[in-house]
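Engineer: The structure that follows is given in the form of structure tokens.
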Amino acid sequence: MRINAVLVSVCGAIVALSLSLLGPASSQNAQSAQPALSGLVSSAEEGPMEGVLVSAQRDGSPITITVVSGADGRFSFPAAKLGSGHYALRIRAVGYELDGPQSADLAPPQTASVDLKLRKAHDLAAQLTNTEWFMSMPGTAEQKRPLIECMSCHTFERIVRSKLNADEFMPVLKRMQNYANNTTMAKVQPRKVERDFPEERARRLAEYLATVNLSKTPAWSYELKTLPRPKGRATRAVITEYDMPRKTIAPHDVRLDAQGTVWYSNFVENFLGRLDPKTGEHREYAYPELKPGFPTGALALEPDRDGNWWLGMMFQSGLAKFDVNTETFRLFPVQPELNTDTSQQSLLMPLNWHVDGKVWTNDVFRQGVLRLDVASGKYEFFDPFKYLPKGRTHSPYGMASDAENNLYFMDFGDENVGRVDAKTGLATIYRTPTPHSRPRRTMLDDQGRLWFAEFAADKIAMFDLKTDKITEWDVPTPHTYSYDVFHDKNGQLWSGSMASDRVLRFDPVGKSSVEYLLPRQTNIRKVFVDNTTTPVTFWVGNNHGAAIIRLEPLD
């Protein structure tokens, strides 16, 4: 099925932005000129404050630039990042808020200075990340563990501010579990088929939630704990946020092509999105619904060797290929005998399909793997777990393929890394050293090393294909819940937290790490590193906040 792509939206306000607002990709160039805006951040309690995020957004612009105050409390915006205009200023510093509204008027090449006074926040709870709620709430690890599913759609603030008792929580939990996983607060999508509701397990969770919310007391009975603000190298970064033209856009996977253009999958709508970071032009390409009435949107976005983009169409049941030259889609629906009301293809790996004409994807409900024959449009099913003991839940997820198009995948439902031989179809399962690790997304480097995030274990890991050995590293902050990891040209690992709004930069050799705080609640999913810049540039989508984020480290 070949469908013409439809250009459905051009955000004129973004197109009109001057190049001087966006600036070059190089962080070193961004720092070379005299700053356009600088100042001091301080409070009565601390004096000059390190690690305060200061954001500037020009009136009418969808682009926000953020810098971080250093050890002396001073911040500065590079001249190349801010053009002429009136800018609203905001800050992020847990426990503090701006003492009144702040703004600045800029007219380069003149520079401006503004000092920001902070006061203690009136509502600390509104500022906490999910990681900080995990730290604050009493209870055992076993009681808290189910909550890692809740944060895929919303923050814990909704839970802890509620006044529901255990009985009242039960119908809420049932309703929540029957929303599609490609749901956001801006677009809630029910599943077509209700899932079985585990009453006993749900009752235990409901009883626990009623002990940490406001059902029994007007205030929380426990202390609200916070993470420290960024320090040292973590303050040396410039962050750019590109707001999308609709709140319902959920950029899940964000990738750059060879020309530096940003592409993204929309998790809740049937659009492939494109952003030019140099001009700010935003475009969307629509593809039709294969299954009307079912949840829409795609999860994984992956390129093939020709630079075309492939999408995992989730509950629409199939894959989509976007030809970048003709700007048309070819859709590959799952054939009727495999296509049920519970079918879901979220991940895929088309990189080496030219080898044998096959594209790998997953079959979530059947806990297996599908392989598409591109020529015929037919899928074949593989059960990589059929020889394992029964009774455990499996979920093939993050995917990579080698030069022979053999598949490597993460078992997000359990604790395994899997391999499926492209010629024989035989599967090999490798167990992670940490039980119940739930490995999630992955990438294969040119040295035959598979890098991945162990979501439930708070670890990042590497599987050496030559030795079949798995090495794990703890992330520095508990309750991080990394979704993905990227191995850059310098041998450093980049990951993002679904809970703490922090980006992790980790050296697996020296075991040193930096955590950069983002300006807003982000719920980081797929991460991408642009190796063509020096230093490298980190990209991610704000799946909950309808934005795309670029982080430029300054060293």
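Going by the structure tokens order, chains are called A, B, ..., each with residues numbered from 1, while ligands are numbered from 1 in the order shown.
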Mind checking which residues fall within 6 Å of region 502-518 of chain A, counting only C-alpha atoms, ignoring those fewer than 2 positions away in the same chain, and posting them as a PyMOL selection string?
Structural biologist: chain A and resi 234+492-497+500+520
Engineer: Residues within 6 Å of region 57-73 of chain A, please, as a PyMOL selection string. Count only C-alpha atoms; anything in the same chain fewer than 6 positions from it doesn't count.
Structural biologist: chain A and resi 40-41+48-51+86-88+235+238-243
Engineer: Those residues with C-alpha atoms, as a JSON list (two decimals), in the first residue's frame please?
Structural biologist:
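As written to disk, part.json reads:
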```json
[["chain", "number", "residue", "atom", "x", "y", "z"],
["A", 40, "LEU", "CA", 23.45, 36.92, 39.20],
["A", 41, "VAL", "CA", 21.02, 34.48, 40.84],
["A", 48, "PRO", "CA", 24.70, 33.52, 45.21],
["A", 49, "MET", "CA", 23.27, 30.21, 43.99],
["A", 50, "GLU", "CA", 24.94, 27.59, 41.83],
["A", 51, "GLY", "CA", 22.96, 25.23, 39.62],
["A", 86, "HIS", "CA", 11.52, 41.10, 24.75],
["A", 87, "TYR", "CA", 12.25, 37.92, 26.72],
["A", 88, "ALA", "CA", 10.34, 36.37, 29.59],
["A", 235, "THR", "CA", 26.23, 23.60, 34.98],
["A", 238, "VAL", "CA", 23.16, 25.27, 26.85],
["A", 239, "ILE", "CA", 19.70, 23.77, 26.38],
["A", 240, "THR", "CA", 17.31, 24.63, 23.54],
["A", 241, "GLU", "CA", 13.63, 23.66, 23.65],
["A", 242, "TYR", "CA", 11.52, 23.70, 20.48],
["A", 243, "ASP", "CA", 7.82, 23.77, 21.38]]
```
Engineer: Write out as a list in words which residues come within 9 Å of Pro433 (chain A) when counting only C-alpha atoms, dropping same-chain ones fewer than 3 positions away.
Structural biologist: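 So the residues in contact are Glu415, Ser437, Ile470, Thr471 and Glu472 of chain A.
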Engineer: I'd like to know which of A:Glu552, A:Met498, A:Tyr285, A:His354 is closest to Met151 (chain A), using only C-alpha atoms.
Structural biologist: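 Among A:Glu552, A:Met498, A:Tyr285, A:His354, it is A:Met498 that comes nearest to Met151 (chain A).
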Engineer: Can you work out the spacing between CA of Asp446 (chain A) and CA of Arg419 (chain A) in Å, to one decimal?
Structural biologist: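 So the two atoms, CA of Asp446 (chain A) and CA of Arg419 (chain A), lie 17.5 Å apart.
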Engineer: Just list as a PyMOL selection string whatever in region 64-209 of chain A DSSP marks as strand (DSSP E).
Structural biologist: chain A and resi 64-68+74-77+85-92+96-98+102-106+112-113+116-120
Engineer: Find the distance between CA of Glu207 (chain A) and CA of Gln177 (chain A) and write it in Å to one decimal.
Structural biologist: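 Atom-to-atom, CA of Glu207 (chain A) and CA of Gln177 (chain A) are spaced 17.0 Å apart.
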Engineer: Name all residues at most 12 Å from region 180-188 of chain A (count only C-alpha atoms; drop same-chain ones fewer than 5 positions away) and give them as a ChimeraX atom specification.
Structural biologist: /A:149-155,158,175,193-195,246-252,265-270,294-300,312-316,342-346,364,523,542-546
Engineer: Quick one: DSSP helix (DSSP H, G or I) residues in region 65-137 of chain A, as a list in words?
Structural biologist: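 Checking each residue of region 65-137 of chain A, the helix (DSSP H, G or I) ones are Ala79, Ala80, Lys81, Leu124, Ala125, Ala126, Gln127, Asn130, Thr131, Glu132, Trp133, Phe134, Met135 and Ser136 of chain A.
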